[in-house]
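Asks: I'm passing along work_38.csv; it holds CSV, C-alpha atoms and all ligand atoms.
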```csv
chain,number,residue,atom,x,y,z
A,1,MET,CA,-35.0,31.3,39.8
A,2,GLN,CA,-32.5,28.8,40.9
A,3,VAL,CA,-29.7,27.9,38.5
A,4,ALA,CA,-28.4,24.3,38.5
A,5,ARG,CA,-24.7,24.5,38.9
A,6,PRO,CA,-22.5,21.8,37.3
A,7,ALA,CA,-20.8,19.7,39.9
A,8,ASN,CA,-17.0,19.6,40.1
A,9,ALA,CA,-14.8,17.0,41.5
A,10,ALA,CA,-14.7,18.6,45.0
A,11,THR,CA,-18.5,18.5,45.5
A,12,VAL,CA,-19.4,15.1,44.0
A,13,PRO,CA,-19.2,12.0,46.1
A,14,ALA,CA,-16.2,9.9,45.2
A,15,ASN,CA,-18.1,7.0,43.6
A,16,ALA,CA,-20.9,9.1,41.9
A,17,ARG,CA,-19.2,9.1,38.6
A,18,SER,CA,-18.3,5.4,38.5
A,19,GLN,CA,-21.8,4.6,39.7
A,20,LEU,CA,-23.3,6.7,36.8
A,21,TYR,CA,-21.1,4.9,34.3
A,22,ALA,CA,-22.1,1.5,35.6
A,23,ASP,CA,-25.8,2.3,35.7
A,24,MET,CA,-26.0,3.6,32.2
A,25,ARG,CA,-23.7,1.0,30.6
A,26,PRO,CA,-26.6,-1.4,29.8
A,27,LEU,CA,-28.3,1.3,27.7
A,28,GLY,CA,-25.2,1.6,25.5
A,29,LEU,CA,-24.3,4.9,27.0
A,30,THR,CA,-20.7,5.9,27.8
A,31,PRO,CA,-19.1,9.2,28.9
A,32,LEU,CA,-17.3,11.0,26.2
A,33,TRP,CA,-15.1,13.0,28.7
A,34,GLU,CA,-13.3,9.8,29.7
A,35,VAL,CA,-12.1,9.2,26.1
A,36,LEU,CA,-12.1,12.6,24.4
A,37,HIS,CA,-8.3,13.0,24.4
A,38,ALA,CA,-7.7,9.7,22.8
A,39,LEU,CA,-10.5,10.2,20.2
A,40,VAL,CA,-9.1,13.5,19.0
A,41,PRO,CA,-5.4,13.4,19.6
A,42,PRO,CA,-3.3,16.6,19.0
A,43,GLN,CA,-1.5,14.7,16.2
A,44,PRO,CA,-1.7,11.3,14.6
A,45,ASN,CA,-0.9,8.6,17.0
A,46,THR,CA,-1.0,5.4,15.0
A,47,PRO,CA,-0.9,2.1,16.7
A,48,CYS,CA,1.1,0.8,13.7
A,49,LEU,CA,4.8,0.1,14.1
A,50,PRO,CA,7.6,0.4,11.5
A,51,ALA,CA,8.5,-3.0,10.2
A,52,HIS,CA,10.9,-4.6,7.7
A,53,TRP,CA,10.6,-7.9,5.9
A,54,PRO,CA,14.0,-8.8,4.4
A,55,TYR,CA,13.5,-10.9,1.3
A,56,ALA,CA,16.3,-13.3,2.3
A,57,GLN,CA,14.3,-14.2,5.3
A,58,VAL,CA,10.8,-14.3,3.7
A,59,ARG,CA,11.7,-16.2,0.5
A,60,PRO,CA,12.3,-19.6,2.1
A,61,PHE,CA,8.8,-19.4,3.7
A,62,LEU,CA,7.3,-18.6,0.4
A,63,GLN,CA,9.0,-21.6,-1.2
A,64,ARG,CA,7.9,-23.8,1.7
A,65,ALA,CA,4.3,-22.6,1.2
A,66,GLY,CA,4.7,-23.7,-2.4
A,67,GLN,CA,5.5,-27.2,-1.1
A,68,VAL,CA,2.5,-27.5,1.3
A,69,ILE,CA,-0.4,-26.0,-0.8
A,70,SER,CA,-1.2,-25.5,-4.5
A,71,ALA,CA,-2.3,-22.1,-5.8
A,72,GLU,CA,-5.6,-23.6,-6.8
A,73,GLU,CA,-6.4,-25.0,-3.3
A,74,ALA,CA,-5.2,-21.9,-1.6
A,75,VAL,CA,-7.1,-19.7,-4.2
A,76,ARG,CA,-4.3,-17.2,-3.6
A,77,ARG,CA,-1.0,-18.6,-2.1
A,78,VAL,CA,0.0,-15.5,-0.2
A,79,LEU,CA,2.0,-14.7,2.9
A,80,VAL,CA,0.4,-11.7,4.5
A,81,LEU,CA,2.7,-8.9,5.7
A,82,GLU,CA,1.1,-8.1,9.0
A,83,ASN,CA,2.0,-5.1,11.0
A,84,PRO,CA,3.6,-6.3,14.3
A,85,ALA,CA,1.2,-4.1,16.2
A,86,LEU,CA,-1.9,-5.4,14.4
A,87,ARG,CA,-1.3,-9.2,14.4
A,88,GLY,CA,-4.3,-11.2,13.4
A,89,GLN,CA,-5.9,-8.3,11.5
A,90,SER,CA,-4.4,-9.1,8.0
A,91,CYS,CA,-3.2,-5.6,7.5
A,92,ILE,CA,0.1,-3.7,7.2
A,93,THR,CA,-1.4,-0.3,8.2
A,94,GLN,CA,-4.9,0.4,9.5
A,95,SER,CA,-6.1,1.1,6.0
A,96,LEU,CA,-3.9,-1.1,3.8
A,97,TYR,CA,-3.3,-4.8,3.2
A,98,ALA,CA,0.0,-6.2,1.8
A,99,GLY,CA,1.0,-9.8,1.0
A,100,LEU,CA,3.6,-11.7,-1.1
A,101,GLN,CA,2.0,-14.1,-3.6
A,102,LEU,CA,3.8,-17.1,-5.1
A,103,ILE,CA,2.7,-18.9,-8.3
A,104,LEU,CA,4.6,-22.0,-9.5
A,105,PRO,CA,5.1,-23.3,-13.0
A,106,GLY,CA,1.9,-24.7,-14.5
A,107,GLU,CA,-0.4,-23.4,-11.7
A,108,ILE,CA,-3.5,-21.2,-12.0
A,109,ALA,CA,-5.1,-19.0,-9.4
A,110,PRO,CA,-8.8,-19.2,-10.1
A,111,SER,CA,-10.9,-16.3,-11.5
A,112,HIS,CA,-12.9,-14.2,-9.1
A,113,ARG,CA,-13.9,-10.6,-8.5
A,114,HIS,CA,-14.4,-8.3,-5.5
A,115,THR,CA,-15.0,-4.7,-4.7
A,116,GLN,CA,-11.6,-4.4,-3.1
A,117,SER,CA,-9.0,-2.9,-5.5
A,118,ALA,CA,-5.7,-4.6,-5.9
A,119,LEU,CA,-2.3,-3.7,-7.1
A,120,ARG,CA,0.5,-6.2,-8.0
A,121,PHE,CA,4.1,-5.3,-8.0
A,122,VAL,CA,6.3,-8.0,-9.5
A,123,VAL,CA,9.1,-8.9,-7.2
A,124,GLU,CA,10.8,-12.0,-8.6
A,125,GLY,CA,10.7,-14.2,-11.7
A,126,THR,CA,9.1,-14.3,-15.1
A,127,GLY,CA,6.6,-16.5,-16.9
A,128,ALA,CA,3.4,-15.5,-15.0
A,129,TYR,CA,0.5,-13.6,-16.4
A,130,THR,CA,-2.5,-12.0,-14.8
A,131,ALA,CA,-5.8,-11.5,-16.6
A,132,VAL,CA,-8.2,-8.6,-16.0
A,133,ASP,CA,-11.6,-8.4,-17.7
A,134,GLY,CA,-10.6,-10.6,-20.7
A,135,GLU,CA,-7.1,-9.2,-21.3
A,136,ARG,CA,-3.9,-10.9,-20.1
A,137,THR,CA,-0.6,-9.2,-19.3
A,138,ALA,CA,2.8,-10.9,-18.9
A,139,MET,CA,4.4,-10.0,-15.5
A,140,HIS,CA,8.0,-8.8,-15.5
A,141,GLU,CA,10.0,-7.8,-12.4
A,142,GLY,CA,9.2,-4.2,-11.5
A,143,ASP,CA,5.9,-4.0,-13.4
A,144,PHE,CA,3.0,-2.4,-11.6
A,145,ILE,CA,-0.3,-4.0,-12.4
A,146,ILE,CA,-3.8,-3.1,-11.4
A,147,THR,CA,-6.9,-5.1,-10.7
A,148,PRO,CA,-9.8,-2.6,-10.6
A,149,SER,CA,-12.7,-3.0,-8.2
A,150,TRP,CA,-15.2,-5.7,-9.4
A,151,THR,CA,-13.3,-6.9,-12.4
A,152,TRP,CA,-12.7,-10.6,-13.0
A,153,HIS,CA,-9.1,-11.6,-12.5
A,154,ASP,CA,-7.1,-14.8,-12.4
A,155,HIS,CA,-3.4,-15.5,-12.6
A,156,GLY,CA,-1.3,-18.3,-14.3
A,157,CYS,CA,2.2,-19.4,-14.7
A,158,ALA,CA,3.7,-21.1,-17.8
A,159,ALA,CA,4.6,-24.7,-17.3
A,160,ASP,CA,8.2,-24.0,-18.4
A,161,ALA,CA,8.8,-21.1,-16.1
A,162,HIS,CA,11.7,-21.2,-13.5
A,163,ALA,CA,11.0,-23.9,-10.8
A,164,ASP,CA,10.9,-21.2,-8.1
A,165,GLY,CA,8.0,-19.6,-9.9
A,166,VAL,CA,7.0,-15.9,-9.7
A,167,VAL,CA,6.5,-13.7,-6.6
A,168,TRP,CA,4.7,-10.4,-6.5
A,169,LEU,CA,3.5,-8.0,-3.9
A,170,ASP,CA,-0.3,-7.6,-3.5
A,171,GLY,CA,-1.5,-4.3,-2.2
A,172,LEU,CA,-5.2,-4.1,-1.5
A,173,ASP,CA,-7.6,-1.6,0.2
A,174,ILE,CA,-9.2,-4.4,2.2
A,175,PRO,CA,-9.2,-2.6,5.6
A,176,MET,CA,-10.8,0.4,4.0
A,177,LEU,CA,-13.6,-1.6,2.6
A,178,ARG,CA,-14.0,-3.5,5.8
A,179,PHE,CA,-14.3,-0.1,7.6
A,180,PHE,CA,-17.1,0.9,5.2
A,181,ASP,CA,-18.7,-2.6,5.3
A,182,ALA,CA,-18.7,-2.5,1.5
A,183,GLY,CA,-17.0,-5.8,0.6
A,184,PHE,CA,-18.6,-8.1,-2.0
A,185,ALA,CA,-17.0,-11.0,-3.9
A,186,GLN,CA,-17.9,-13.7,-6.5
A,187,ASN,CA,-16.2,-16.6,-8.1
A,188,HIS,CA,-16.2,-16.9,-11.9
A,189,ALA,CA,-18.1,-19.8,-13.4
A,190,GLN,CA,-14.8,-20.9,-15.1
A,191,GLN,CA,-11.5,-21.2,-13.3
A,192,VAL,CA,-9.7,-19.3,-16.1
A,193,GLN,CA,-11.7,-16.5,-17.6
A,194,PRO,CA,-12.0,-16.4,-21.4
A,195,VAL,CA,-9.6,-14.1,-23.2
A,196,SER,CA,-11.5,-11.5,-25.3
A,197,ARG,CA,-8.8,-8.9,-26.1
A,198,ALA,CA,-5.2,-9.2,-27.4
A,199,GLU,CA,-2.4,-8.7,-24.9
A,200,GLY,CA,-1.2,-5.1,-24.9
A,201,THR,CA,-4.6,-3.6,-26.1
A,202,SER,CA,-5.1,-1.4,-23.0
A,203,LEU,CA,-1.5,-0.1,-23.1
A,204,ALA,CA,-1.8,0.7,-26.8
A,205,ARG,CA,-5.2,2.5,-26.2
A,206,TYR,CA,-4.3,4.5,-23.1
A,207,GLY,CA,-0.5,4.3,-22.5
A,208,HIS,CA,0.8,6.6,-25.2
A,209,ASN,CA,-0.5,10.0,-24.1
A,210,MET,CA,-3.5,9.4,-26.3
A,211,ALA,CA,-7.0,8.1,-25.7
A,212,PRO,CA,-9.8,6.7,-27.8
A,213,VAL,CA,-12.0,9.4,-29.4
A,214,ARG,CA,-15.2,7.8,-28.3
A,215,GLY,CA,-16.1,5.8,-25.2
A,216,GLY,CA,-15.7,6.6,-21.6
A,217,SER,CA,-13.5,5.1,-18.9
A,218,PRO,CA,-13.7,1.3,-19.0
A,219,PHE,CA,-13.1,0.8,-15.3
A,220,ALA,CA,-14.9,3.9,-14.0
A,221,VAL,CA,-12.7,5.7,-11.4
A,222,THR,CA,-9.8,3.3,-12.0
A,223,SER,CA,-7.1,3.6,-14.6
A,224,PRO,CA,-7.8,2.0,-18.0
A,225,ILE,CA,-4.1,0.9,-18.1
A,226,PHE,CA,-3.7,-2.2,-16.0
A,227,SER,CA,0.0,-2.8,-16.5
A,228,TYR,CA,2.7,-0.1,-16.2
A,229,PRO,CA,5.9,-1.7,-17.4
A,230,TYR,CA,9.0,-1.2,-15.3
A,231,GLU,CA,11.2,-0.6,-18.4
A,232,ARG,CA,9.4,2.7,-18.9
A,233,SER,CA,9.3,3.9,-15.3
A,234,ARG,CA,13.0,3.0,-14.9
A,235,GLU,CA,14.1,4.9,-18.0
A,236,ALA,CA,12.1,8.0,-16.9
A,237,LEU,CA,13.8,8.0,-13.5
A,238,HIS,CA,17.3,7.5,-14.8
A,239,GLN,CA,16.9,10.2,-17.4
A,240,LEU,CA,15.6,12.6,-14.7
A,241,GLU,CA,18.5,11.7,-12.5
A,242,ARG,CA,20.9,12.6,-15.2
A,243,SER,CA,19.2,15.8,-16.5
A,244,ALA,CA,17.0,17.4,-13.8
A,245,PRO,CA,17.5,18.8,-10.3
A,246,LEU,CA,17.0,16.3,-7.5
A,247,ASP,CA,14.3,16.7,-4.9
A,248,ALA,CA,16.0,17.0,-1.5
A,249,TRP,CA,13.5,14.7,0.2
A,250,ASP,CA,12.7,12.1,-2.5
A,251,GLY,CA,15.6,12.1,-5.0
A,252,VAL,CA,13.7,11.5,-8.2
A,253,LYS,CA,10.1,10.4,-7.5
A,254,LEU,CA,7.2,10.0,-9.8
A,255,ARG,CA,3.6,9.0,-9.1
A,256,TYR,CA,1.7,6.6,-11.4
A,257,ILE,CA,-1.4,8.2,-13.0
A,258,ASN,CA,-4.7,7.4,-14.5
A,259,PRO,CA,-4.1,8.9,-17.9
A,260,LEU,CA,-7.7,9.8,-18.3
A,261,THR,CA,-7.8,12.0,-15.2
A,262,GLY,CA,-4.2,12.7,-14.1
A,263,GLY,CA,-5.2,11.4,-10.7
A,264,SER,CA,-4.1,8.2,-8.9
A,265,PRO,CA,-4.5,4.9,-10.8
A,266,MET,CA,-7.0,3.6,-8.2
A,267,PRO,CA,-9.4,5.7,-6.1
A,268,THR,CA,-8.1,4.3,-2.8
A,269,MET,CA,-4.4,3.8,-3.4
A,270,ALA,CA,-1.5,5.9,-4.8
A,271,THR,CA,1.6,4.3,-6.2
A,272,PHE,CA,5.1,5.7,-6.7
A,273,MET,CA,8.4,4.8,-8.1
A,274,GLN,CA,11.6,6.7,-7.0
A,275,ARG,CA,15.3,6.6,-7.6
A,276,LEU,CA,17.8,7.6,-5.0
A,277,PRO,CA,21.1,8.4,-6.8
A,278,ALA,CA,24.3,7.0,-5.4
A,279,GLY,CA,25.4,9.1,-2.4
A,280,PHE,CA,21.9,10.5,-1.8
A,281,ALA,CA,21.1,11.6,1.8
A,282,GLY,CA,17.4,12.7,1.9
A,283,LEU,CA,15.9,15.3,4.2
A,284,PRO,CA,13.2,14.2,6.6
A,285,TYR,CA,9.4,14.5,6.0
A,286,ARG,CA,6.2,13.0,7.5
A,287,GLN,CA,2.8,12.4,6.0
A,288,THR,CA,-0.6,11.3,7.2
A,289,ASP,CA,-0.5,8.4,4.8
A,290,GLY,CA,1.3,5.3,6.0
A,291,CYS,CA,3.4,3.9,3.1
A,292,VAL,CA,4.5,0.4,2.0
A,293,PHE,CA,7.8,0.2,0.2
A,294,SER,CA,9.1,-2.6,-2.1
A,295,VAL,CA,12.8,-2.4,-2.9
A,296,VAL,CA,13.4,-2.8,-6.6
A,297,GLU,CA,17.1,-2.3,-7.1
A,298,GLY,CA,20.1,-1.3,-4.9
A,299,THR,CA,20.5,-0.9,-1.2
A,300,GLY,CA,19.9,2.0,1.3
A,301,GLU,CA,18.7,3.1,4.7
A,302,ALA,CA,15.3,4.3,5.9
A,303,LEU,CA,15.6,6.3,9.1
A,304,LEU,CA,12.4,6.7,11.0
A,305,ASP,CA,11.5,8.8,14.0
A,306,HIS,CA,8.2,8.9,15.9
A,307,ALA,CA,7.4,10.1,19.5
A,308,GLY,CA,11.1,9.9,20.5
A,309,HIS,CA,11.6,6.4,19.0
A,310,SER,CA,14.0,5.8,16.2
A,311,THR,CA,14.0,2.9,13.8
A,312,HIS,CA,16.8,2.2,11.3
A,313,ILE,CA,16.0,-0.1,8.4
A,314,SER,CA,18.8,-1.2,6.1
A,315,PHE,CA,17.2,-2.4,2.9
A,316,ALA,CA,18.2,-4.6,0.0
A,317,PRO,CA,16.6,-5.7,-3.2
A,318,ARG,CA,13.1,-7.3,-2.9
A,319,ASP,CA,12.8,-6.3,0.8
A,320,HIS,CA,9.6,-4.7,2.0
A,321,PHE,CA,9.1,-2.2,4.7
A,322,VAL,CA,6.3,0.0,6.1
A,323,VAL,CA,6.5,3.6,7.3
A,324,PRO,CA,3.4,4.3,9.4
A,325,ALA,CA,1.5,7.5,9.4
A,326,TRP,CA,3.2,10.6,10.7
A,327,HIS,CA,6.5,8.8,11.3
A,328,THR,CA,9.3,11.1,10.2
A,329,LEU,CA,11.3,9.4,7.4
A,330,ARG,CA,14.5,10.1,5.7
A,331,LEU,CA,16.1,7.9,2.9
A,332,ASP,CA,19.8,7.5,2.3
A,333,SER,CA,21.6,5.4,-0.3
A,334,VAL,CA,25.3,5.0,-0.8
A,335,SER,CA,25.0,2.7,-3.8
A,336,GLY,CA,21.8,4.2,-5.4
A,337,CYS,CA,18.5,2.4,-5.4
A,338,VAL,CA,15.0,2.2,-6.8
A,339,LEU,CA,11.9,2.0,-4.6
A,340,PHE,CA,8.3,1.3,-5.4
A,341,SER,CA,5.7,2.4,-2.8
A,342,TYR,CA,2.0,2.7,-2.2
A,343,SER,CA,-0.3,4.4,0.3
A,344,ASP,CA,-3.9,5.4,0.9
A,345,ARG,CA,-3.2,9.0,-0.1
A,346,PRO,CA,-6.0,9.5,-2.7
A,347,ALA,CA,-8.6,8.4,-0.2
A,348,GLN,CA,-7.3,10.9,2.3
A,349,GLN,CA,-7.2,13.6,-0.4
A,350,ALA,CA,-10.7,12.9,-1.4
A,351,LEU,CA,-11.7,13.5,2.2
A,352,GLY,CA,-9.6,16.6,2.5
A,353,ILE,CA,-7.5,15.3,5.4
A,354,HIS,CA,-4.1,14.6,3.8
A,355,ARG,CA,-1.2,16.5,5.3
A,356,GLU,CA,2.6,16.5,4.8
A,357,GLU,CA,5.4,18.2,6.6
A,358,GLN,CA,8.8,18.6,5.1
A,359,PHE,CA,11.8,19.5,7.2
A,360,SER,CA,14.4,21.7,5.7
A,361,SER,CA,17.3,20.4,7.7
A,362,LEU,CA,18.3,17.3,9.6
A,363,SER,CA,18.4,19.2,13.0
A,364,HIS,CA,14.9,20.6,12.5
A,365,ILE,CA,13.4,17.2,13.1
A,366,GLN,CA,14.4,17.4,16.8
A,367,GLU,CA,12.3,20.6,17.3
A,368,HIS,CA,9.2,19.1,15.9
A,369,ASN,CA,9.1,15.7,17.4
A,370,PRO,CA,7.8,15.5,20.9
B,401,LIG,C1,-6.9,-11.4,-4.1
B,401,LIG,O1,-8.0,-11.5,-4.9
B,401,LIG,C2,-5.6,-11.6,-4.6
B,401,LIG,O2,-6.4,-11.7,-6.8
B,401,LIG,C3,-4.6,-11.5,-3.7
B,401,LIG,O3,-4.4,-12.2,-6.4
B,401,LIG,C4,-4.7,-11.2,-2.4
B,401,LIG,C5,-6.1,-10.9,-0.5
B,401,LIG,C6,-7.4,-10.8,0.0
B,401,LIG,C7,-8.5,-10.9,-0.8
B,401,LIG,C8,-8.4,-11.1,-2.1
B,401,LIG,C9,-5.5,-11.9,-6.0
B,401,LIG,C10,-6.0,-11.1,-1.9
B,401,LIG,C11,-7.1,-11.2,-2.7
```
Output the structure of this file as structure tokens.

Replies:
Amino acid sequence: MQVARPANAATVPANARSQLYADMRPLGLTPLWEVLHALVPPQPNTPCLPAHWPYAQVRPFLQRAGQVISAEEAVRRVLVLENPALRGQSCITQSLYAGLQLILPGEIAPSHRHTQSALRFVVEGTGAYTAVDGERTAMHEGDFIITPSWTWHDHGCAADAHADGVVWLDGLDIPMLRFFDAGFAQNHAQQVQPVSRAEGTSLARYGHNMAPVRGGSPFAVTSPIFSYPYERSREALHQLERSAPLDAWDGVKLRYINPLTGGSPMPTMATFMQRLPAGFAGLPYRQTDGCVFSVVEGTGEALLDHAGHSTHISFAPRDHFVVPAWHTLRLDSVSGCVLFSYSDRPAQQALGIHREEQFSSLSHIQEHNP
């Protein structure tokens, strides 16, 4: 019996392969062997770039946006932080959205709901509130607030608030829902949803290491606490700085939790708050989850390395920066600082694909990076 032998480059006419590709293209057929290496890279090779949005440069544009459109007309008056390598795609990493939202005194941002989960991290100002599912919470600088998937939410700002209004960071899982084609949205019949619970109810029920005896989880897989006040996170970090050993990579870093599960507050996004003590020089690490940082207090340096390229970000309060997946990061601070951050880690963990590599010395980094 004759055995058909696979052709190799030497025996095949020069144009036979390209002719095959051209002939089968109309059928929606394409050769895997031309793209295999790019599809399954030896290590993550994100198209995202590191980027830094200094607040001193961003703030004037937010204020100008406040002069050209109302929150009501815009629905949400937001400047999107777009990754420089992904312009036009409204995302800061391939899986995460980030934007800075401004609300001015007396304005409302009308009520709606969507399947995308959102986090708010309050950057500047006081006098605004956000409402989730009938309960309002006042927004203070440094507070971390959740809008669970498919819950009605609107925002407002007191008429007597500071004229520059209130600015917060919005973090959403928009690209993930786009990837899954699972996005739905609806407008509420009323611009401002009715209040049905007293302010502070969710924190009293779930925010004191206690939980109601009966009843399940009001927001399914999302935390029942929708505002995590900065006052408490800050105090925890400062106490740990004084009384417990530092982590050589992170300084003092805590993750926010869903108190009913101990897991992340949202199914798609993890959030963190960390303190780098004065004089801290962190060791390098890299993770498969690209991470968005919001600088709360103090100044410092983020030193990134990826595929032979180094990036140095000198950050100040209210700045934002993004560390893409598998970029080696180390954090330094001469004065001491506090950083909020979020990533898609719980989604990766649910899929069993999250990885982290911690380097035990500064020189080690050279050996590992290509
Ligand atoms: C949204 O609903 C908010 O509720 C902010 O404040 C940003 C970006 C895209 C889609 C929905 C908000 C958003 C958003």

Asks: Return the single residue from A:Val123, A:Ala38, A:Ala16, A:Leu169 that is closest to ligand LIG 401 (chain B), with distances computed using all atoms listed in the file.

Replies: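 Result for the nearest residue to ligand LIG 401 (chain B): A:Leu169.
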
Asks: Taking all atoms listed in the file and a cut-off of 8 Å, can you tell me which residues surround ligand LIG 401 (chain B), written as an MDAnalysis selection string?

Replies: chainID A and resid 76 78 97 99 101 109 111:114 116 118 120 147 153:155 170:172 174

Asks: Neighbours of stretch 132-144 of chain A within 8 Å (all atoms listed in the file; same-chain residues fewer than 5 positions away dropped), as a VMD selection string?

Replies: chain A and resid 119 to 127 151 to 154 193 to 201 226 to 230 296

Asks: Enter the distance from atom CA of A:Pro50 to atom CA of A:Val167, in Å, rounded to one decimal.

Replies: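 If I compute the distance from atom CA of A:Pro50 to atom CA of A:Val167, I get 23.0 Å.
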
Asks: Using all atoms listed in the file, find the one residue out of A:Ser18, A:Ser70, A:Ser310, A:Ser343 that sits nearest to A:Thr328.

Replies: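 Of the candidates, the smallest distance to A:Thr328 is held by A:Ser310.
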
Asks: Excluding A:Thr115 and residues on its chain fewer than 6 positions from it, collect all residues at most 8 Å away from it, counting all atoms listed in the file, and give them as number ranges by chain.

Replies: A: 149-150, 182-185

Asks: With distances taken over all atoms listed in the file, which of A:Gly66, A:Pro317, A:Pro265, A:Pro47 is nearest to A:Thr93?

Replies: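 Selected residue with least distance to A:Thr93: A:Pro47.
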
Asks: Which distance in Å separates atom CA of A:Lys253 and atom CA of A:Leu96, to one decimal?

Replies: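 Between atom CA of A:Lys253 and atom CA of A:Leu96 the gap is 21.4 Å.
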
Asks: From the list A:Ala211, A:Val58, A:Leu351, A:Val295, which residue is nearest A:Arg275 when using all atoms listed in the file?

Replies: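 Ranked by minimum distance to A:Arg275, first place goes to A:Val295.
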
Asks: Which polymer residues have any atom within 7 Å of an atom of stretch 276-290 of chain A, counting all atoms listed in the file, with same-chain residues fewer than 3 positions away left out, as a VMD selection string?

Replies: chain A and resid 93 248 to 252 323 to 338 343 to 345 354 to 362

Asks: Which distance in Å separates atom CA of A:Leu177 and atom CA of A:Met266, to one decimal?

Replies: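 Interatomic distance, atom CA of A:Leu177 to atom CA of A:Met266: 13.7 Å.
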
Asks: Pick the closest to A:Ile69 from A:Pro26, A:Met176, A:Glu241, A:Leu104: which is it, counting all atoms listed in the file?

Replies: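 Closest candidate: A:Leu104.
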
Asks: Select, from A:Leu203, A:Ala74, A:Leu102, A:Ile145, the residue with the minimum atom-to-atom distance to A:Ala163, counting only C-alpha atoms.

Replies: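 So, comparing all the options, the nearest one is A:Leu102.
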
Asks: Taking (8.8, 6.2, 18.8) in the file's coordinates, which residues come within 10 Å, counting only C-alpha atoms, written as a count of residues only?

Replies: 14
